[in-house]
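**Q** Handing you this structure, nothing more for now.
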Amino acid sequence: MILFPAIDLKDGNCVRLYKGEMDQATIFNNDPRDQARQFEKAGCEWLHIVDLNGAFAGHPVNGDAVKSILENVNIPVQLGGGVRDLSTIQKWMEAGISRVILGTVALRDPNIVITAAKNFPGKIAVGIDARDGMVAVEGWAETSGISAIDLGKKFEDAGVSCIIYTDIDRDGTMTGLNIESTIDLANVLNIPIIASGGVSSLRDLKTLKEATMEATGTIEGAISGRALYDGNLDIKEAISFLKDGA
(Lines give C-alpha, C1' and ligand atoms only; values in the text may rest on other atoms or scores of the structure.)
Protein backbone atom coordinates (compact mmCIF):
# COMPACT_ATOMS: atom_id res chain seq x y z
CA MET A 1 0.00 0.00 0.00
CA ILE A 2 1.08 3.56 -0.72
CA LEU A 3 0.98 6.67 1.45
CA PHE A 4 -0.19 9.66 -0.60
CA PRO A 5 0.73 12.90 1.21
CA ALA A 6 -1.79 15.63 0.43
CA ILE A 7 -0.97 19.12 -0.77
CA ASP A 8 -4.21 21.08 -0.93
CA LEU A 9 -3.76 24.42 -2.65
CA LYS A 10 -5.76 27.52 -1.75
CA ASP A 11 -4.60 30.93 -2.97
CA GLY A 12 -1.17 29.46 -3.70
CA ASN A 13 -0.69 28.10 -0.16
CA CYS A 14 -0.64 24.56 1.23
CA VAL A 15 -3.69 24.31 3.47
CA ARG A 16 -5.99 21.83 5.14
CA LEU A 17 -9.72 22.37 5.34
CA TYR A 18 -12.07 21.20 8.07
CA LYS A 19 -14.87 19.05 6.60
CA GLY A 20 -14.31 20.68 3.23
CA GLU A 21 -15.20 24.21 4.37
CA MET A 22 -13.16 26.80 2.47
CA ASP A 23 -13.57 29.35 5.26
CA GLN A 24 -11.99 26.91 7.71
CA ALA A 25 -8.59 26.61 6.08
CA THR A 26 -5.34 26.33 8.03
CA ILE A 27 -2.19 27.36 6.17
CA PHE A 28 0.69 24.94 6.77
CA ASN A 29 3.17 26.15 4.17
CA ASN A 30 3.15 29.14 1.85
CA ASP A 31 5.69 27.49 -0.45
CA PRO A 32 4.20 24.44 -2.23
CA ARG A 33 7.55 23.61 -3.83
CA ASP A 34 9.18 23.36 -0.44
CA GLN A 35 6.40 21.15 0.89
CA ALA A 36 6.60 18.84 -2.11
CA ARG A 37 10.37 18.53 -1.75
CA GLN A 38 9.96 17.69 1.96
CA PHE A 39 7.58 14.85 1.14
CA GLU A 40 9.88 13.52 -1.57
CA LYS A 41 12.92 13.70 0.72
CA ALA A 42 10.99 11.75 3.37
CA GLY A 43 10.59 8.87 0.93
CA CYS A 44 7.11 9.39 -0.50
CA GLU A 45 6.45 7.59 -3.78
CA TRP A 46 3.56 9.85 -4.88
CA LEU A 47 2.10 13.28 -4.23
CA HIS A 48 -1.63 13.98 -4.05
CA ILE A 49 -2.49 17.55 -5.04
CA VAL A 50 -5.88 19.26 -5.01
CA ASP A 51 -6.56 22.69 -6.49
CA LEU A 52 -9.21 23.77 -4.00
CA ASN A 53 -9.94 27.10 -5.69
CA GLY A 54 -10.22 25.25 -8.97
CA ALA A 55 -12.74 22.80 -7.54
CA PHE A 56 -15.08 25.69 -6.76
CA ALA A 57 -14.32 27.71 -9.90
CA GLY A 58 -14.69 24.78 -12.27
CA HIS A 59 -11.30 25.38 -13.89
CA PRO A 60 -7.64 25.33 -12.76
CA VAL A 61 -6.70 28.28 -10.52
CA ASN A 62 -3.47 27.26 -8.79
CA GLY A 63 -1.70 26.28 -12.00
CA ASP A 64 1.51 28.15 -11.21
CA ALA A 65 1.85 26.41 -7.85
CA VAL A 66 1.25 23.01 -9.41
CA LYS A 67 3.81 23.64 -12.15
CA SER A 68 6.38 24.77 -9.60
CA ILE A 69 5.91 21.48 -7.77
CA LEU A 70 6.30 19.48 -10.98
CA GLU A 71 9.53 21.32 -11.73
CA ASN A 72 11.01 20.51 -8.33
CA VAL A 73 10.20 16.85 -7.65
CA ASN A 74 10.92 13.59 -9.45
CA ILE A 75 8.09 11.48 -8.05
CA PRO A 76 4.70 11.07 -9.78
CA VAL A 77 1.90 13.50 -8.99
CA GLN A 78 -1.84 12.96 -9.07
CA LEU A 79 -3.98 16.07 -9.33
CA GLY A 80 -7.64 16.95 -8.90
CA GLY A 81 -9.73 20.09 -8.64
CA GLY A 82 -11.32 22.05 -11.46
CA VAL A 83 -10.69 19.48 -14.19
CA ARG A 84 -13.94 19.34 -16.14
CA ASP A 85 -13.03 18.70 -19.79
CA LEU A 86 -10.70 16.73 -22.05
CA SER A 87 -8.70 19.82 -23.03
CA THR A 88 -7.73 20.50 -19.42
CA ILE A 89 -6.79 16.86 -18.90
CA GLN A 90 -4.55 17.03 -21.99
CA LYS A 91 -2.85 20.20 -20.72
CA TRP A 92 -2.10 18.67 -17.33
CA MET A 93 -0.73 15.52 -18.92
CA GLU A 94 1.55 17.62 -21.10
CA ALA A 95 2.67 19.56 -18.01
CA GLY A 96 3.83 16.34 -16.37
CA ILE A 97 0.92 15.20 -14.19
CA SER A 98 0.98 11.40 -13.90
CA ARG A 99 -2.65 10.90 -12.92
CA VAL A 100 -5.60 13.28 -13.26
CA ILE A 101 -8.47 12.95 -10.78
CA LEU A 102 -11.98 13.59 -12.10
CA GLY A 103 -14.63 14.35 -9.51
CA THR A 104 -17.52 16.67 -10.36
CA VAL A 105 -17.41 15.77 -14.05
CA ALA A 106 -17.63 12.07 -13.15
CA LEU A 107 -21.12 12.77 -11.85
CA ARG A 108 -22.14 15.45 -14.35
CA ASP A 109 -20.79 13.79 -17.51
CA PRO A 110 -19.51 10.22 -17.02
CA ASN A 111 -18.71 9.94 -20.72
CA ILE A 112 -15.83 12.38 -20.29
CA VAL A 113 -14.29 10.01 -17.75
CA ILE A 114 -14.79 7.04 -20.06
CA THR A 115 -13.24 8.88 -23.01
CA ALA A 116 -10.34 10.18 -20.94
CA ALA A 117 -9.59 6.70 -19.60
CA LYS A 118 -9.37 5.41 -23.17
CA ASN A 119 -7.22 8.32 -24.33
CA PHE A 120 -4.88 8.20 -21.33
CA PRO A 121 -4.65 4.56 -20.18
CA GLY A 122 -3.75 4.18 -16.52
CA LYS A 123 -3.68 7.94 -15.97
CA ILE A 124 -7.26 8.74 -14.99
CA ALA A 125 -8.66 8.40 -11.47
CA VAL A 126 -12.18 9.07 -10.26
CA GLY A 127 -12.59 11.10 -7.09
CA ILE A 128 -15.71 10.12 -5.16
CA ASP A 129 -16.30 12.49 -2.27
CA ALA A 130 -19.26 11.52 -0.12
CA ARG A 131 -21.31 13.01 2.66
CA ASP A 132 -23.44 10.41 4.49
CA GLY A 133 -22.75 8.05 1.59
CA MET A 134 -24.01 10.45 -1.09
CA VAL A 135 -21.70 12.01 -3.68
CA ALA A 136 -20.85 15.70 -3.21
CA VAL A 137 -19.56 17.87 -6.05
CA GLU A 138 -18.58 21.45 -6.96
CA GLY A 139 -15.90 21.61 -4.27
CA TRP A 140 -18.18 19.65 -1.93
CA ALA A 141 -20.68 22.52 -1.95
CA GLU A 142 -23.47 20.39 -3.44
CA THR A 143 -24.64 16.94 -2.34
CA SER A 144 -26.21 14.83 -5.05
CA GLY A 145 -28.84 12.12 -4.94
CA ILE A 146 -26.49 9.35 -6.09
CA SER A 147 -24.58 7.08 -3.76
CA ALA A 148 -20.83 6.57 -3.87
CA ILE A 149 -21.30 2.92 -4.81
CA ASP A 150 -23.72 3.67 -7.65
CA LEU A 151 -21.36 6.26 -9.11
CA GLY A 152 -18.42 3.90 -8.86
CA LYS A 153 -20.32 1.22 -10.75
CA LYS A 154 -20.58 3.53 -13.77
CA PHE A 155 -16.83 3.12 -14.33
CA GLU A 156 -16.37 -0.60 -13.72
CA ASP A 157 -15.18 -1.32 -17.24
CA ALA A 158 -13.98 2.14 -18.21
CA GLY A 159 -10.32 1.52 -17.50
CA VAL A 160 -9.87 4.10 -14.72
CA SER A 161 -6.76 3.46 -12.65
CA CYS A 162 -8.37 3.90 -9.24
CA ILE A 163 -11.12 5.53 -7.21
CA ILE A 164 -10.20 7.97 -4.48
CA TYR A 165 -12.89 7.75 -1.83
CA THR A 166 -13.18 10.60 0.67
CA ASP A 167 -15.60 10.84 3.56
CA ILE A 168 -16.09 14.60 3.67
CA ASP A 169 -17.36 14.71 7.24
CA ARG A 170 -14.07 13.19 8.39
CA ASP A 171 -11.73 15.16 6.14
CA GLY A 172 -9.41 17.34 8.18
CA THR A 173 -11.02 16.23 11.44
CA MET A 174 -8.39 13.68 12.57
CA THR A 175 -11.21 11.33 13.62
CA GLY A 176 -10.12 8.31 11.61
CA LEU A 177 -10.97 6.91 8.20
CA ASN A 178 -14.43 5.65 7.37
CA ILE A 179 -13.14 2.10 7.12
CA GLU A 180 -16.54 0.46 6.69
CA SER A 181 -17.61 2.57 3.71
CA THR A 182 -14.17 2.30 2.11
CA ILE A 183 -14.19 -1.50 2.34
CA ASP A 184 -17.80 -1.67 1.15
CA LEU A 185 -16.80 0.24 -1.97
CA ALA A 186 -13.76 -1.95 -2.56
CA ASN A 187 -15.81 -5.12 -2.18
CA VAL A 188 -18.42 -4.02 -4.72
CA LEU A 189 -16.03 -2.69 -7.38
CA ASN A 190 -13.12 -4.26 -9.24
CA ILE A 191 -11.32 -0.89 -9.31
CA PRO A 192 -8.55 -0.24 -6.73
CA ILE A 193 -9.57 2.20 -3.99
CA ILE A 194 -7.49 4.89 -2.28
CA ALA A 195 -8.83 5.79 1.16
CA SER A 196 -9.06 9.43 2.22
CA GLY A 197 -10.50 11.62 4.94
CA GLY A 198 -9.73 11.59 8.66
CA VAL A 199 -6.37 9.84 9.05
CA SER A 200 -5.17 10.82 12.52
CA SER A 201 -2.31 8.45 13.33
CA LEU A 202 -0.55 5.23 12.45
CA ARG A 203 -3.34 3.42 14.29
CA ASP A 204 -5.79 4.38 11.53
CA LEU A 205 -3.50 2.98 8.87
CA LYS A 206 -3.13 -0.23 10.86
CA THR A 207 -6.91 -0.52 11.12
CA LEU A 208 -7.24 0.03 7.38
CA LYS A 209 -4.60 -2.55 6.57
CA GLU A 210 -6.19 -5.10 8.88
CA ALA A 211 -9.57 -4.51 7.26
CA THR A 212 -8.17 -5.07 3.77
CA MET A 213 -7.23 -8.61 4.74
CA GLU A 214 -10.94 -9.42 4.95
CA ALA A 215 -11.86 -7.44 1.84
CA THR A 216 -12.36 -8.93 -1.60
CA GLY A 217 -11.39 -5.69 -3.33
CA THR A 218 -8.09 -3.82 -3.57
CA ILE A 219 -7.03 -0.89 -1.41
CA GLU A 220 -4.13 0.83 -3.17
CA GLY A 221 -3.25 3.16 -0.30
CA ALA A 222 -4.33 6.08 1.83
CA ILE A 223 -4.13 9.85 1.63
CA SER A 224 -3.07 11.86 4.65
CA GLY A 225 -2.81 15.58 5.14
CA ARG A 226 -3.37 17.23 8.51
CA ALA A 227 -1.93 14.32 10.50
CA LEU A 228 1.36 14.71 8.61
CA TYR A 229 1.44 18.48 8.97
CA ASP A 230 0.59 18.37 12.66
CA GLY A 231 3.16 15.65 13.32
CA ASN A 232 0.64 13.13 14.63
CA LEU A 233 1.65 10.73 11.87
CA ASP A 234 5.35 10.11 11.32
CA ILE A 235 5.74 10.03 7.57
CA LYS A 236 8.66 7.62 7.40
CA GLU A 237 7.02 5.25 9.87
CA ALA A 238 3.77 5.37 7.89
CA ILE A 239 5.52 4.68 4.57
CA SER A 240 7.41 1.76 6.05
CA PHE A 241 4.30 0.27 7.63
CA LEU A 242 2.13 0.51 4.54
CA LYS A 243 4.86 -0.92 2.34
CA ASP A 244 6.21 -3.68 4.58
CA GLY A 245 3.81 -3.91 7.51
CA ALA A 246 6.56 -2.99 9.95
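Every chain in the C-alpha coordinates takes a letter, A first, then B, and so on in the order presented; its residues are numbered from 1, and the ligands are numbered from 1 following the presented order.
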Extract, using only C-alpha atoms, all DNA, RNA and protein residues at most 9 Å from Val61 of chain A, discarding same-chain residues fewer than 4 positions from it, and format them as a list in words.
**A** Lys10, Asp11, Gly12, Asp51, Leu52, Asn53, Gly54, Ala55, Ala57, Gly81 and Gly82 of chain A
**Q** Based on the backbone DSSP call, show me all residues of segment 26-220 of chain A assigned helix (DSSP H, G or I), as a PyMOL selection string.
**A** chain A and resi 32-41+52-57+63-70+86-95+104-108+110-119+148-153+168-170+179-188+202-212
**Q** Using 12 Å as the limit and counting only C-alpha atoms, can you tabulate each residue of segment 132-172 of chain A that touches segment 216-231 of chain A, with its shortest atom-to-atom distance in Å and the two atoms involved, as a Markdown table?
**A**
| residue | atom | partner | partner_atom | distance |
| --- | --- | --- | --- | --- |
| A:Ser161 | CA | A:Glu220 | CA | 10.2 |
| A:Cys162 | CA | A:Glu220 | CA | 8.0 |
| A:Ile163 | CA | A:Glu220 | CA | 9.3 |
| A:Ile164 | CA | A:Ile223 | CA | 8.8 |
| A:Tyr165 | CA | A:Ala222 | CA | 9.5 |
| A:Thr166 | CA | A:Ile223 | CA | 9.1 |
| A:Asp167 | CA | A:Ile223 | CA | 11.7 |
| A:Arg170 | CA | A:Arg226 | CA | 11.4 |
| A:Asp171 | CA | A:Arg226 | CA | 8.9 |
| A:Gly172 | CA | A:Arg226 | CA | 6.0 |
**Q** Generate the output file for the selected residues, N, CA and C atoms, as an mmCIF file, in the first residue's frame.
**A**
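So selection.cif came out as:
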data_model
loop_
_atom_site.group_PDB
_atom_site.id
_atom_site.type_symbol
_atom_site.label_atom_id
_atom_site.label_comp_id
_atom_site.auth_asym_id
_atom_site.auth_seq_id
_atom_site.Cartn_x
_atom_site.Cartn_y
_atom_site.Cartn_z
ATOM 1 N N SER A 161 -7.841 4.094 -13.409
ATOM 2 C CA SER A 161 -6.761 3.463 -12.647
ATOM 3 C C SER A 161 -7.139 3.192 -11.200
ATOM 4 N N CYS A 162 -7.968 4.073 -10.635
ATOM 5 C CA CYS A 162 -8.371 3.902 -9.239
ATOM 6 C C CYS A 162 -9.517 4.848 -8.918
ATOM 7 N N ILE A 163 -10.127 4.613 -7.755
ATOM 8 C CA ILE A 163 -11.121 5.527 -7.214
ATOM 9 C C ILE A 163 -10.596 6.047 -5.888
ATOM 10 N N ILE A 164 -10.608 7.357 -5.739
ATOM 11 C CA ILE A 164 -10.197 7.973 -4.481
ATOM 12 C C ILE A 164 -11.467 8.297 -3.707
ATOM 13 N N TYR A 165 -11.653 7.597 -2.601
ATOM 14 C CA TYR A 165 -12.887 7.750 -1.825
ATOM 15 C C TYR A 165 -12.624 8.591 -0.573
ATOM 16 N N THR A 166 -13.340 9.694 -0.468
ATOM 17 C CA THR A 166 -13.184 10.597 0.672
ATOM 18 C C THR A 166 -14.499 10.747 1.419
ATOM 19 N N ASP A 167 -14.458 10.530 2.713
ATOM 20 C CA ASP A 167 -15.604 10.836 3.562
ATOM 21 C C ASP A 167 -15.435 12.288 4.001
ATOM 22 N N ARG A 170 -15.261 13.548 7.616
ATOM 23 C CA ARG A 170 -14.068 13.188 8.391
ATOM 24 C C ARG A 170 -12.828 13.932 7.922
ATOM 25 N N ASP A 171 -12.901 14.517 6.725
ATOM 26 C CA ASP A 171 -11.730 15.158 6.144
ATOM 27 C C ASP A 171 -11.256 16.334 6.995
ATOM 28 N N GLY A 172 -9.991 16.282 7.374
ATOM 29 C CA GLY A 172 -9.410 17.343 8.179
ATOM 30 C C GLY A 172 -9.786 17.315 9.645
#
**Q** Where does segment 88-174 of chain A meet segment 189-212 of chain A within 12 Å, residue by residue, with the nearest atom pair and distance in Å to one decimal for each, counting only C-alpha atoms, listed by chain and rising number, as JSON lines?
**A**
{"residue": "A:Ile101", "atom": "CA", "partner": "A:Ile194", "partner_atom": "CA", "distance": 11.8}
{"residue": "A:Gly122", "atom": "CA", "partner": "A:Ile191", "partner_atom": "CA", "distance": 11.6}
{"residue": "A:Ile124", "atom": "CA", "partner": "A:Ile191", "partner_atom": "CA", "distance": 11.9}
{"residue": "A:Ala125", "atom": "CA", "partner": "A:Ile193", "partner_atom": "CA", "distance": 9.8}
{"residue": "A:Val126", "atom": "CA", "partner": "A:Ile193", "partner_atom": "CA", "distance": 9.7}
{"residue": "A:Gly127", "atom": "CA", "partner": "A:Ile194", "partner_atom": "CA", "distance": 9.4}
{"residue": "A:Ile128", "atom": "CA", "partner": "A:Ser196", "partner_atom": "CA", "distance": 10.0}
{"residue": "A:Asp129", "atom": "CA", "partner": "A:Ser196", "partner_atom": "CA", "distance": 9.1}
{"residue": "A:Ala130", "atom": "CA", "partner": "A:Gly197", "partner_atom": "CA", "distance": 10.1}
{"residue": "A:Arg131", "atom": "CA", "partner": "A:Gly197", "partner_atom": "CA", "distance": 11.1}
{"residue": "A:Ala148", "atom": "CA", "partner": "A:Leu189", "partner_atom": "CA", "distance": 11.0}
{"residue": "A:Ile149", "atom": "CA", "partner": "A:Leu189", "partner_atom": "CA", "distance": 8.1}
{"residue": "A:Asp150", "atom": "CA", "partner": "A:Leu189", "partner_atom": "CA", "distance": 10.0}
{"residue": "A:Leu151", "atom": "CA", "partner": "A:Leu189", "partner_atom": "CA", "distance": 10.6}
{"residue": "A:Gly152", "atom": "CA", "partner": "A:Leu189", "partner_atom": "CA", "distance": 7.2}
{"residue": "A:Lys153", "atom": "CA", "partner": "A:Leu189", "partner_atom": "CA", "distance": 6.7}
{"residue": "A:Lys154", "atom": "CA", "partner": "A:Leu189", "partner_atom": "CA", "distance": 10.0}
{"residue": "A:Phe155", "atom": "CA", "partner": "A:Ile191", "partner_atom": "CA", "distance": 8.5}
{"residue": "A:Glu156", "atom": "CA", "partner": "A:Asn190", "partner_atom": "CA", "distance": 6.6}
{"residue": "A:Asp157", "atom": "CA", "partner": "A:Asn190", "partner_atom": "CA", "distance": 8.8}
{"residue": "A:Ala158", "atom": "CA", "partner": "A:Ile191", "partner_atom": "CA", "distance": 9.8}
{"residue": "A:Gly159", "atom": "CA", "partner": "A:Ile191", "partner_atom": "CA", "distance": 8.6}
{"residue": "A:Val160", "atom": "CA", "partner": "A:Ile191", "partner_atom": "CA", "distance": 7.5}
{"residue": "A:Ser161", "atom": "CA", "partner": "A:Ile191", "partner_atom": "CA", "distance": 7.1}
{"residue": "A:Cys162", "atom": "CA", "partner": "A:Pro192", "partner_atom": "CA", "distance": 4.8}
{"residue": "A:Ile163", "atom": "CA", "partner": "A:Ile193", "partner_atom": "CA", "distance": 4.9}
{"residue": "A:Ile164", "atom": "CA", "partner": "A:Ile194", "partner_atom": "CA", "distance": 4.7}
{"residue": "A:Tyr165", "atom": "CA", "partner": "A:Ala195", "partner_atom": "CA", "distance": 5.4}
{"residue": "A:Thr166", "atom": "CA", "partner": "A:Ser196", "partner_atom": "CA", "distance": 4.6}
{"residue": "A:Asp167", "atom": "CA", "partner": "A:Gly197", "partner_atom": "CA", "distance": 5.3}
{"residue": "A:Ile168", "atom": "CA", "partner": "A:Gly197", "partner_atom": "CA", "distance": 6.5}
{"residue": "A:Asp169", "atom": "CA", "partner": "A:Gly197", "partner_atom": "CA", "distance": 7.9}
{"residue": "A:Arg170", "atom": "CA", "partner": "A:Gly198", "partner_atom": "CA", "distance": 4.6}
{"residue": "A:Asp171", "atom": "CA", "partner": "A:Gly197", "partner_atom": "CA", "distance": 3.9}
{"residue": "A:Gly172", "atom": "CA", "partner": "A:Gly198", "partner_atom": "CA", "distance": 5.8}
{"residue": "A:Thr173", "atom": "CA", "partner": "A:Gly198", "partner_atom": "CA", "distance": 5.6}
{"residue": "A:Met174", "atom": "CA", "partner": "A:Ser200", "partner_atom": "CA", "distance": 4.3}
**Q** Write out as a PyMOL selection string each polymer residue whose atoms come within 6 Å of Leu79 of chain A, counting only C-alpha atoms; drop sequence neighbours fewer than 3 positions from it.
**A** chain A and resi 49-50+100-101
**Q** What parts of segment 13-169 of chain A does DSSP call strand (DSSP E or B)? I'd like the answer as a VMD selection string.
**A** chain A and resid 13 to 18 21 to 29 47 to 51 77 to 80 99 to 102 124 to 131 134 to 137 142 to 147 162 to 167
**Q** With distances taken over only C-alpha atoms, which of A:Asp31, A:Asp85, A:Glu45, A:Glu21 is nearest to Phe4 of chain A?
**A**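 Checking each of A:Asp31, A:Asp85, A:Glu45, A:Glu21 against Phe4 of chain A, counting only C-alpha atoms, the winner is A:Glu45.
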**Q** Can you tell me, as a PyMOL selection string, what residues are no more than 9 Å from Ile89 of chain A when counting only C-alpha atoms, ignoring any on the same chain fewer than 5 positions away?
**A** chain A and resi 83-84+94+100+116
**Q** Just how far from atom CA of Ser240 of chain A is atom CA of Glu214 of chain A, in Å to one decimal?
**A** 21.5 Å
**Q** Rounded to one decimal in Å, what is the spacing between atom CA of Asn62 of chain A and atom CA of Ala25 of chain A?
**A**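 For atom CA of Asn62 of chain A relative to atom CA of Ala25 of chain A, the distance reads 15.7 Å.
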**Q** So how many Å separate atom CA of Ala215 of chain A and atom CA of Leu177 of chain A, to one decimal?
**A**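 If I compute the distance from atom CA of Ala215 of chain A to atom CA of Leu177 of chain A, I get 15.7 Å.
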